[in-house]
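Enquirer: Sending over coords01.pdb (PDB, C-alpha atoms).
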MODEL        1
ATOM      1  CA  MET A   1     -14.530  74.718 150.434
ATOM      2  CA  THR A   2     -11.977  74.039 153.131
ATOM      3  CA  PRO A   3     -13.111  72.298 156.316
ATOM      4  CA  PRO A   4     -13.854  74.567 159.281
ATOM      5  CA  ALA A   5     -10.889  74.749 161.643
ATOM      6  CA  SER A   6     -12.951  74.471 164.819
ATOM      7  CA  PRO A   7     -16.528  74.060 166.086
ATOM      8  CA  ALA A   8     -16.689  77.851 166.445
ATOM      9  CA  ALA A   9     -15.627  78.257 162.818
ATOM     10  CA  ALA A  10     -18.217  75.668 161.782
ATOM     11  CA  LEU A  11     -20.962  77.654 163.547
ATOM     12  CA  GLU A  12     -19.781  80.829 161.842
ATOM     13  CA  ALA A  13     -19.992  79.054 158.484
ATOM     14  CA  LEU A  14     -23.524  77.874 159.288
ATOM     15  CA  ALA A  15     -24.506  81.428 160.232
ATOM     16  CA  ARG A  16     -23.649  82.612 156.726
ATOM     17  CA  ARG A  17     -26.414  80.448 155.218
ATOM     18  CA  ARG A  18     -29.888  81.873 154.847
ATOM     19  CA  LEU A  19     -31.816  78.593 155.230
ATOM     20  CA  LEU A  20     -30.620  75.557 157.198
ATOM     21  CA  ILE A  21     -32.726  72.400 156.966
ATOM     22  CA  VAL A  22     -32.112  70.084 159.916
ATOM     23  CA  SER A  23     -32.963  66.427 159.372
ATOM     24  CA  GLY A  24     -32.437  63.065 161.003
ATOM     25  CA  LYS A  25     -34.368  60.006 162.029
ATOM     26  CA  GLY A  26     -36.910  60.267 164.811
ATOM     27  CA  GLY A  27     -35.329  60.338 168.260
ATOM     28  CA  VAL A  28     -31.811  61.384 167.212
ATOM     29  CA  GLY A  29     -32.170  64.931 168.554
ATOM     30  CA  ARG A  30     -32.779  67.029 165.448
ATOM     31  CA  THR A  31     -35.127  69.392 167.329
ATOM     32  CA  ALA A  32     -32.448  69.910 169.982
ATOM     33  CA  VAL A  33     -29.861  70.625 167.270
ATOM     34  CA  ALA A  34     -32.215  73.109 165.605
ATOM     35  CA  ALA A  35     -32.793  74.871 168.950
ATOM     36  CA  MET A  36     -29.072  74.873 169.723
ATOM     37  CA  LEU A  37     -28.213  76.354 166.330
ATOM     38  CA  GLY A  38     -30.855  79.013 166.842
ATOM     39  CA  ARG A  39     -29.336  80.086 170.156
ATOM     40  CA  ALA A  40     -25.774  79.916 168.819
ATOM     41  CA  LEU A  41     -26.474  81.934 165.660
ATOM     42  CA  ALA A  42     -28.565  84.552 167.479
ATOM     43  CA  ARG A  43     -25.601  85.101 169.798
ATOM     44  CA  GLN A  44     -23.584  86.034 166.720
ATOM     45  CA  GLY A  45     -25.963  88.915 166.105
ATOM     46  CA  ARG A  46     -28.073  87.166 163.486
ATOM     47  CA  ARG A  47     -31.841  87.616 163.337
ATOM     48  CA  VAL A  48     -32.881  83.965 163.480
ATOM     49  CA  LEU A  49     -36.147  82.076 163.072
ATOM     50  CA  VAL A  50     -36.347  78.459 164.240
ATOM     51  CA  ALA A  51     -39.389  76.817 162.653
ATOM     52  CA  THR A  52     -40.953  73.376 162.915
ATOM     53  CA  VAL A  53     -43.974  71.508 161.625
ATOM     54  CA  GLY A  54     -43.962  69.289 164.730
ATOM     55  CA  PRO A  55     -47.285  68.994 166.568
ATOM     56  CA  ASP A  56     -45.849  69.304 170.084
ATOM     57  CA  ASP A  57     -44.252  72.243 171.896
ATOM     58  CA  ARG A  58     -40.797  70.797 172.618
ATOM     59  CA  LEU A  59     -39.091  73.416 170.477
ATOM     60  CA  ALA A  60     -40.904  76.162 172.371
ATOM     61  CA  TRP A  61     -39.821  74.772 175.752
ATOM     62  CA  MET A  62     -36.224  74.471 174.621
ATOM     63  CA  LEU A  63     -36.144  78.116 173.554
ATOM     64  CA  GLY A  64     -38.063  79.651 176.438
ATOM     65  CA  ALA A  65     -41.607  79.911 175.064
ATOM     66  CA  ARG A  66     -44.682  78.166 176.467
ATOM     67  CA  THR A  67     -46.279  77.179 173.171
ATOM     68  CA  LEU A  68     -45.648  77.533 169.454
ATOM     69  CA  GLU A  69     -47.728  79.945 167.408
ATOM     70  CA  SER A  70     -48.386  79.946 163.660
ATOM     71  CA  THR A  71     -46.604  83.305 163.411
ATOM     72  CA  PRO A  72     -43.042  84.075 164.558
ATOM     73  CA  GLN A  73     -42.764  85.006 168.230
ATOM     74  CA  ALA A  74     -39.680  86.543 169.794
ATOM     75  CA  VAL A  75     -38.203  84.453 172.593
ATOM     76  CA  GLU A  76     -35.088  86.505 173.281
ATOM     77  CA  GLY A  77     -33.440  89.370 171.456
ATOM     78  CA  SER A  78     -33.127  88.484 167.785
ATOM     79  CA  LEU A  79     -34.307  84.860 168.169
ATOM     80  CA  PHE A  80     -37.794  83.857 167.016
ATOM     81  CA  VAL A  81     -39.688  80.567 167.027
ATOM     82  CA  GLN A  82     -42.705  79.380 165.051
ATOM     83  CA  ARG A  83     -44.856  76.361 164.271
ATOM     84  CA  VAL A  84     -45.290  76.212 160.503
ATOM     85  CA  VAL A  85     -48.860  75.083 159.749
ATOM     86  CA  PRO A  86     -49.196  73.721 156.199
ATOM     87  CA  GLN A  87     -52.737  75.057 155.693
ATOM     88  CA  VAL A  88     -51.655  78.550 156.763
ATOM     89  CA  CYS A  89     -48.590  78.314 154.505
ATOM     90  CA  ILE A  90     -50.758  77.351 151.535
ATOM     91  CA  ARG A  91     -52.933  80.391 152.143
ATOM     92  CA  GLU A  92     -50.008  82.803 152.705
ATOM     93  CA  TYR A  93     -47.802  81.391 149.966
ATOM     94  CA  GLY A  94     -50.743  81.337 147.589
ATOM     95  CA  ALA A  95     -51.242  85.055 148.196
ATOM     96  CA  LEU A  96     -47.560  85.635 147.399
ATOM     97  CA  VAL A  97     -47.788  83.674 144.147
ATOM     98  CA  ILE A  98     -51.085  85.236 143.043
ATOM     99  CA  GLY A  99     -50.026  88.699 144.153
ATOM    100  CA  SER A 100     -53.431  89.583 145.596
ATOM    101  CA  ASP A 101     -54.831  89.011 149.081
ATOM    102  CA  ARG A 102     -58.359  89.477 147.752
ATOM    103  CA  LEU A 103     -58.014  86.765 145.100
ATOM    104  CA  ALA A 104     -56.188  84.508 147.571
ATOM    105  CA  SER A 105     -59.070  84.839 150.026
ATOM    106  CA  ALA A 106     -61.569  83.953 147.315
ATOM    107  CA  VAL A 107     -59.566  80.841 146.384
ATOM    108  CA  PHE A 108     -58.072  79.575 149.612
ATOM    109  CA  ASP A 109     -60.916  80.384 151.993
ATOM    110  CA  ASN A 110     -63.414  78.479 149.892
ATOM    111  CA  LYS A 111     -64.391  75.173 151.549
ATOM    112  CA  LEU A 112     -64.547  73.251 148.286
ATOM    113  CA  MET A 113     -61.157  74.538 147.211
ATOM    114  CA  ARG A 114     -59.638  73.655 150.607
ATOM    115  CA  ARG A 115     -60.875  70.080 150.221
ATOM    116  CA  LEU A 116     -59.428  69.984 146.709
ATOM    117  CA  PHE A 117     -56.041  71.254 147.875
ATOM    118  CA  ARG A 118     -55.897  68.493 150.494
ATOM    119  CA  THR A 119     -55.974  65.915 147.683
ATOM    120  CA  ILE A 120     -52.950  67.351 145.813
ATOM    121  CA  PRO A 121     -49.834  65.252 146.599
ATOM    122  CA  GLY A 122     -46.930  67.240 147.983
ATOM    123  CA  LEU A 123     -48.773  70.554 148.229
ATOM    124  CA  ASP A 124     -48.297  70.825 152.007
ATOM    125  CA  ASP A 125     -44.553  70.162 151.753
ATOM    126  CA  PHE A 126     -44.110  72.569 148.852
ATOM    127  CA  ALA A 127     -46.044  75.334 150.623
ATOM    128  CA  VAL A 128     -43.995  74.921 153.814
ATOM    129  CA  LEU A 129     -40.689  74.892 151.928
ATOM    130  CA  GLY A 130     -41.817  77.806 149.798
ATOM    131  CA  LYS A 131     -42.888  79.872 152.780
ATOM    132  CA  LEU A 132     -39.582  79.348 154.620
ATOM    133  CA  TRP A 133     -37.550  79.899 151.446
ATOM    134  CA  HIS A 134     -39.427  83.163 150.868
ATOM    135  CA  GLU A 135     -38.767  84.431 154.406
ATOM    136  CA  ALA A 136     -35.084  83.432 154.263
ATOM    137  CA  CYS A 137     -33.948  84.000 150.696
ATOM    138  CA  ARG A 138     -36.323  86.399 148.957
ATOM    139  CA  ALA A 139     -37.970  88.659 151.545
ATOM    140  CA  LYS A 140     -34.962  88.164 153.870
ATOM    141  CA  THR A 141     -37.169  88.780 156.892
ATOM    142  CA  PHE A 142     -34.573  86.871 158.889
ATOM    143  CA  ASP A 143     -30.832  86.563 158.473
ATOM    144  CA  THR A 144     -31.086  82.801 158.951
ATOM    145  CA  VAL A 145     -34.086  80.469 159.053
ATOM    146  CA  ILE A 146     -33.498  77.119 160.742
ATOM    147  CA  PHE A 147     -36.071  74.517 159.777
ATOM    148  CA  ASP A 148     -36.543  71.558 162.112
ATOM    149  CA  GLY A 149     -37.367  69.676 158.984
ATOM    150  CA  PRO A 150     -38.637  66.336 157.696
ATOM    151  CA  ALA A 151     -37.169  63.034 158.845
ATOM    152  CA  THR A 152     -34.456  61.562 156.651
ATOM    153  CA  GLY A 153     -36.820  59.241 154.796
ATOM    154  CA  HIS A 154     -39.037  62.125 153.715
ATOM    155  CA  LEU A 155     -36.391  64.783 153.121
ATOM    156  CA  PRO A 156     -35.398  63.901 149.500
ATOM    157  CA  TYR A 157     -39.063  63.881 148.495
ATOM    158  CA  ALA A 158     -39.753  67.275 150.100
ATOM    159  CA  LEU A 159     -36.648  68.936 148.660
ATOM    160  CA  GLY A 160     -37.310  67.365 145.257
ATOM    161  CA  LEU A 161     -40.743  68.965 144.855
ATOM    162  CA  PRO A 162     -39.541  72.155 143.104
ATOM    163  CA  ARG A 163     -37.761  70.053 140.494
ATOM    164  CA  THR A 164     -40.866  67.865 140.098
ATOM    165  CA  ILE A 165     -42.979  70.963 139.471
ATOM    166  CA  LEU A 166     -40.479  72.217 136.886
ATOM    167  CA  ARG A 167     -40.762  68.895 135.046
ATOM    168  CA  THR A 168     -44.567  68.881 135.038
ATOM    169  CA  ILE A 169     -45.533  72.570 134.734
ATOM    170  CA  SER A 170     -43.827  74.541 131.988
ATOM    171  CA  VAL A 171     -45.337  78.017 132.438
ATOM    172  CA  GLY A 172     -47.103  80.173 134.985
ATOM    173  CA  PRO A 173     -46.428  81.578 138.459
ATOM    174  CA  LEU A 174     -45.957  78.163 140.092
ATOM    175  CA  HIS A 175     -43.273  77.265 137.535
ATOM    176  CA  LYS A 176     -41.544  80.587 138.176
ATOM    177  CA  GLU A 177     -41.627  80.082 141.954
ATOM    178  CA  ALA A 178     -40.266  76.540 141.653
ATOM    179  CA  GLN A 179     -37.480  77.783 139.374
ATOM    180  CA  LEU A 180     -36.425  80.481 141.850
ATOM    181  CA  MET A 181     -36.610  78.037 144.743
ATOM    182  CA  GLN A 182     -34.586  75.392 142.916
ATOM    183  CA  SER A 183     -31.901  77.949 142.086
ATOM    184  CA  CYS A 184     -31.504  78.735 145.787
ATOM    185  CA  LEU A 185     -31.565  75.058 146.784
ATOM    186  CA  GLU A 186     -28.599  74.506 144.483
ATOM    187  CA  ASP A 187     -26.691  77.488 145.911
ATOM    188  CA  PRO A 188     -24.611  76.274 148.886
ATOM    189  CA  ALA A 189     -24.030  79.848 149.993
ATOM    190  CA  GLN A 190     -27.767  80.232 150.682
ATOM    191  CA  ILE A 191     -29.252  76.851 151.575
ATOM    192  CA  ALA A 192     -27.765  73.741 153.146
ATOM    193  CA  ALA A 193     -28.840  70.670 155.046
ATOM    194  CA  VAL A 194     -27.699  69.822 158.558
ATOM    195  CA  LEU A 195     -27.906  66.089 159.289
ATOM    196  CA  VAL A 196     -28.165  64.549 162.752
ATOM    197  CA  GLY A 197     -27.369  60.948 163.674
ATOM    198  CA  LEU A 198     -26.388  58.704 166.556
ATOM    199  CA  PRO A 199     -22.777  57.619 167.173
ATOM    200  CA  ASP A 200     -22.924  54.164 165.608
ATOM    201  CA  ARG A 201     -21.673  53.001 162.252
ATOM    202  CA  TRP A 202     -24.980  52.025 160.646
ATOM    203  CA  PRO A 203     -26.994  55.145 161.516
ATOM    204  CA  LEU A 204     -24.069  57.241 160.270
ATOM    205  CA  THR A 205     -23.815  55.129 157.118
ATOM    206  CA  GLU A 206     -27.481  55.885 156.430
ATOM    207  CA  LEU A 207     -26.705  59.597 156.845
ATOM    208  CA  SER A 208     -23.855  59.269 154.331
ATOM    209  CA  GLU A 209     -26.226  57.633 151.859
ATOM    210  CA  LEU A 210     -28.737  60.439 152.364
ATOM    211  CA  ALA A 211     -25.988  63.040 151.952
ATOM    212  CA  ALA A 212     -24.943  61.434 148.668
ATOM    213  CA  VAL A 213     -28.527  61.591 147.355
ATOM    214  CA  LEU A 214     -28.921  65.224 148.388
ATOM    215  CA  ARG A 215     -25.612  66.231 146.808
ATOM    216  CA  ALA A 216     -25.742  64.205 143.604
ATOM    217  CA  ASP A 217     -29.449  64.114 142.783
ATOM    218  CA  LEU A 218     -30.831  67.305 144.337
ATOM    219  CA  LYS A 219     -27.663  69.458 144.329
ATOM    220  CA  VAL A 220     -28.251  70.418 147.969
ATOM    221  CA  ALA A 221     -25.138  71.053 150.066
ATOM    222  CA  ILE A 222     -24.520  69.365 153.415
ATOM    223  CA  ALA A 223     -23.206  72.036 155.773
ATOM    224  CA  ALA A 224     -22.692  69.841 158.843
ATOM    225  CA  ILE A 225     -23.233  66.414 160.333
ATOM    226  CA  PHE A 226     -23.958  66.333 164.056
ATOM    227  CA  ILE A 227     -23.154  63.096 165.861
ATOM    228  CA  ASN A 228     -25.389  63.250 168.912
ATOM    229  CA  GLY A 229     -25.325  61.285 172.154
ATOM    230  CA  LEU A 230     -21.655  60.580 172.836
ATOM    231  CA  TRP A 231     -21.115  59.031 176.249
ATOM    232  CA  PRO A 232     -18.427  60.577 178.525
ATOM    233  CA  ASP A 233     -14.844  60.183 177.371
ATOM    234  CA  GLY A 234     -11.851  59.145 179.470
ATOM    235  CA  LEU A 235     -13.708  57.010 182.006
ATOM    236  CA  PRO A 236     -11.697  54.074 183.395
ATOM    237  CA  GLU A 237     -12.820  50.475 183.294
ATOM    238  CA  LEU A 238     -12.897  49.557 186.978
ATOM    239  CA  ALA A 239     -12.650  46.070 188.453
ATOM    240  CA  PRO A 240     -15.194  45.311 191.175
ATOM    241  CA  PRO A 241     -13.842  46.232 194.616
ATOM    242  CA  ALA A 242     -12.955  43.519 197.049
ATOM    243  CA  ALA A 243     -15.705  42.635 199.471
ATOM    244  CA  ALA A 244     -13.574  43.816 202.375
ATOM    245  CA  ASP A 245     -13.243  47.242 200.754
ATOM    246  CA  ASP A 246     -16.977  47.520 200.076
ATOM    247  CA  PRO A 247     -18.759  45.756 202.939
ATOM    248  CA  ALA A 248     -22.054  47.570 202.363
ATOM    249  CA  GLY A 249     -22.020  46.849 198.614
ATOM    250  CA  THR A 250     -22.463  50.502 197.670
ATOM    251  CA  VAL A 251     -19.276  51.004 195.646
ATOM    252  CA  ALA A 252     -19.571  47.986 193.348
ATOM    253  CA  PRO A 253     -22.669  49.284 191.446
ATOM    254  CA  VAL A 254     -20.953  52.641 190.891
ATOM    255  CA  PHE A 255     -17.833  50.936 189.526
ATOM    256  CA  ALA A 256     -20.008  48.760 187.293
ATOM    257  CA  ALA A 257     -21.881  51.795 185.921
ATOM    258  CA  ILE A 258     -18.623  53.617 185.160
ATOM    259  CA  THR A 259     -17.235  50.542 183.421
ATOM    260  CA  THR A 260     -20.431  50.216 181.371
ATOM    261  CA  MET A 261     -20.218  53.851 180.283
ATOM    262  CA  ALA A 262     -16.545  53.473 179.378
ATOM    263  CA  GLY A 263     -17.353  50.408 177.280
ATOM    264  CA  GLN A 264     -20.246  52.168 175.572
ATOM    265  CA  ARG A 265     -18.052  55.133 174.655
ATOM    266  CA  ALA A 266     -15.386  52.776 173.294
ATOM    267  CA  ARG A 267     -18.006  51.092 171.089
ATOM    268  CA  GLN A 268     -19.217  54.481 169.877
ATOM    269  CA  ASP A 269     -15.677  55.548 168.995
ATOM    270  CA  GLU A 270     -15.159  52.287 167.116
ATOM    271  CA  GLY A 271     -18.398  52.773 165.193
ATOM    272  CA  ILE A 272     -17.491  56.338 164.214
ATOM    273  CA  ALA A 273     -14.001  55.281 163.160
ATOM    274  CA  ALA A 274     -15.430  52.432 161.064
ATOM    275  CA  TRP A 275     -17.864  54.851 159.421
ATOM    276  CA  ARG A 276     -15.080  57.286 158.583
ATOM    277  CA  SER A 277     -12.884  54.600 157.064
ATOM    278  CA  ALA A 278     -15.661  52.904 155.075
ATOM    279  CA  GLU A 279     -17.538  55.953 153.752
ATOM    280  CA  PRO A 280     -15.728  58.251 151.317
ATOM    281  CA  ASP A 281     -18.118  61.119 152.127
ATOM    282  CA  ALA A 282     -17.615  60.812 155.891
ATOM    283  CA  GLY A 283     -14.688  63.182 155.785
ATOM    284  CA  ARG A 284     -15.835  65.299 152.861
ATOM    285  CA  SER A 285     -14.321  68.748 153.348
ATOM    286  CA  SER A 286     -17.548  70.661 152.680
ATOM    287  CA  SER A 287     -19.287  69.101 155.688
ATOM    288  CA  ALA A 288     -18.227  69.867 159.229
ATOM    289  CA  VAL A 289     -18.552  66.895 161.591
ATOM    290  CA  LEU A 290     -19.489  67.993 165.107
ATOM    291  CA  THR A 291     -20.187  65.886 168.169
ATOM    292  CA  LEU A 292     -22.629  66.428 171.002
ATOM    293  CA  PRO A 293     -22.577  64.744 174.415
ATOM    294  CA  TRP A 294     -25.228  62.453 175.797
ATOM    295  CA  ARG A 295     -27.246  64.249 178.457
ATOM    296  CA  TRP A 296     -28.793  61.895 180.969
ATOM    297  CA  GLN A 297     -30.882  64.761 182.378
ATOM    298  CA  GLY A 298     -32.382  65.627 178.987
ATOM    299  CA  LEU A 299     -32.983  69.065 177.497
ATOM    300  CA  ASP A 300     -35.750  70.846 179.349
ATOM    301  CA  GLY A 301     -35.130  74.532 178.788
ATOM    302  CA  VAL A 302     -32.993  77.414 177.619
ATOM    303  CA  ALA A 303     -30.251  76.778 180.196
ATOM    304  CA  ALA A 304     -29.814  73.207 178.952
ATOM    305  CA  ILE A 305     -29.627  74.373 175.317
ATOM    306  CA  ASP A 306     -27.062  77.027 176.235
ATOM    307  CA  GLU A 307     -25.018  74.392 178.060
ATOM    308  CA  LEU A 308     -25.123  72.241 174.940
ATOM    309  CA  VAL A 309     -23.845  75.168 172.858
ATOM    310  CA  ALA A 310     -20.969  75.594 175.299
ATOM    311  CA  GLN A 311     -20.192  71.873 175.254
ATOM    312  CA  ILE A 312     -19.727  71.614 171.485
ATOM    313  CA  ALA A 313     -16.152  72.814 171.624
ATOM    314  CA  ALA A 314     -15.419  70.716 174.708
ATOM    315  CA  VAL A 315     -16.312  67.355 173.142
ATOM    316  CA  ALA A 316     -13.579  65.676 171.132
ATOM    317  CA  ASP A 317     -14.298  64.650 167.562
ATOM    318  CA  PRO A 318     -13.335  60.964 167.630
ATOM    319  CA  GLY A 319     -11.475  59.549 164.689
ATOM    320  CA  ARG A 320     -10.250  62.875 163.314
TER     321      ARG A 320
ENDMDL
END
Take the structure from the file and write it as structure tokens.
Expert:
Amino acid sequence: MTPPASPAAALEALARRRLLIVSGKGGVGRTAVAAMLGRALARQGRRVLVATVGPDDRLAWMLGARTLESTPQAVEGSLFVQRVVPQVCIREYGALVIGSDRLASAVFDNKLMRRLFRTIPGLDDFAVLGKLWHEACRAKTFDTVIFDGPATGHLPYALGLPRTILRTISVGPLHKEAQLMQSCLEDPAQIAAVLVGLPDRWPLTELSELAAVLRADLKVAIAAIFINGLWPDGLPELAPPAAADDPAGTVAPVFAAITTMAGQRARQDEGIAAWRSAEPDAGRSSSAVLTLPWRWQGLDGVAAIDELVAQIAAVADPGR
């Protein structure tokens, strides 16, 4: 696969996937990237669901809703948002596997069975992944499902559950579901990961290591790496003004702040360049590398997310 020629081309390539799993360490902005992708892909005419298991309502606020519901709610046009609740997914996905709402109610609404299910390792993760995979790849309820997914440390475990089930269960409906899910996970035209990191060498190196595990061990494609939080580019490093030119002392702090920002951006560029030169996968053609600016005012609503979408193409990709 040839590298996308531009950020717009990269977004078009992302839109062709049915399930995008966004991951990164806590605090790197993966929820913002998921929201931004949702807005960007919906603008291309796609019917898009942005889903999260997060307990707060940040995703809702970013996309124009007040709170997140356990069912998809339309926020604008063809864009939907949802909180994915593991217990609800177990019940719904169980009904899909069994093929009977009546039997599913008898099993999953039973208090003893619910307590038993809570003791099964990985069941929550498998039910969530299965539910989103079903909506995206089998039922095709949405053109693209964007999952504000597990943090990087948990992602290989969650995506490895279908393969674990295939190794431990040889027959039955659960084996069949895991087999279908694994086939889609290994199909880069349907499912891909989107990784988010900060613009420093070591966080990006960790992302490269995660990407290598996903590609080699789990056969999951990496569609894009977002480097989030770049400070402004092109700022000058300013010497403090002479006392005679700044008698009130109001200019000196401004000059110092600009110089600090310029130095921070230079360090970020150096870190990205070092990552690219040291990591063979950093420039891998199948993964677009996109940069996002640091926003001192934060992301507090739809307008801010739309501004971020517009800024993607305006931010240089350092080291390219």
Enquirer: Which residues fall under the PyMOL selection byres ((chain A and resi 259-276) around 12) in this file, as a PyMOL selection string?
Expert: chain A and resi 197-209+226-240+252-258+277-284+289-291+293-294+296+316-320
Enquirer: List as a list in words the protein and nucleic acid residues near range 176-189 of chain A, meaning an atom at most 8 Å away when all atoms listed in the file are counted, but skip any in the same chain fewer than 4 places from it.
Expert: Arg16, Arg17, Arg18, Val97, Gly130, Trp133, Cys137, Pro162, Arg163, Ile165, Leu166, Val171, Gly172, Leu218, Lys219, Val220 and Ala221 of chain A
Enquirer: List the residues sitting within 9 Å of (-32.9, 78.2, 174.0) in the file's frame, using only C-alpha atoms, as a PyMOL selection string.
Expert: chain A and resi 35-36+38-40+59-65+75-76+79+301-306
Enquirer: Hey, which of A:Val33, A:Cys89, A:Leu11, A:Val28 ends up closest to Val128 in chain A? Count all atoms listed in the file.
Expert: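 Checking each of A:Val33, A:Cys89, A:Leu11, A:Val28 against Val128 in chain A, counting all atoms listed in the file, the winner is A:Cys89.
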Enquirer: Could you work out how far CA of Leu161 in chain A lies from CA of Val22 in chain A, giving the answer in Å with one decimal?
Expert: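 Separation between CA of Val22 in chain A and CA of Leu161 in chain A: 17.4 Å.
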Enquirer: Please measure the separation of CA of Val48 in chain A and CA of Gly29 in chain A, giving the value in Å to one decimal.
Expert: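 Between CA of Val48 in chain A and CA of Gly29 in chain A the gap works out to 19.7 Å.
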Enquirer: Nearest residue to Ala288 in chain A out of A:Ile225, A:Phe142, A:Ala51, A:Ile169, using only C-alpha atoms?
Expert: A:Ile225
Enquirer: If you take every atom of range 18-30 of chain A that the file lists and fit an axis-aligned box around them with 6 Å extra on each side, what centre and edge lengths come out in Å to one decimal, as AutoDock Vina command-line options?
Expert:
--center_x -33.4 --center_y 70.9 --center_z 161.7 --size_x 19.0 --size_y 33.9 --size_z 25.7
Enquirer: Find the distance between CA of Thr71 in chain A and CA of His154 in chain A and write it in Å to one decimal.
Expert: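 Answer for the CA of Thr71 in chain A to CA of His154 in chain A separation: 24.5 Å.
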Enquirer: Measuring between all atoms listed in the file, which one of A:Pro55, A:Pro247, A:Pro150, A:Pro173 shows the shortest distance to Ser23 in chain A?
Expert: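 Counting all atoms listed in the file, the residue closest to Ser23 in chain A is A:Pro150.
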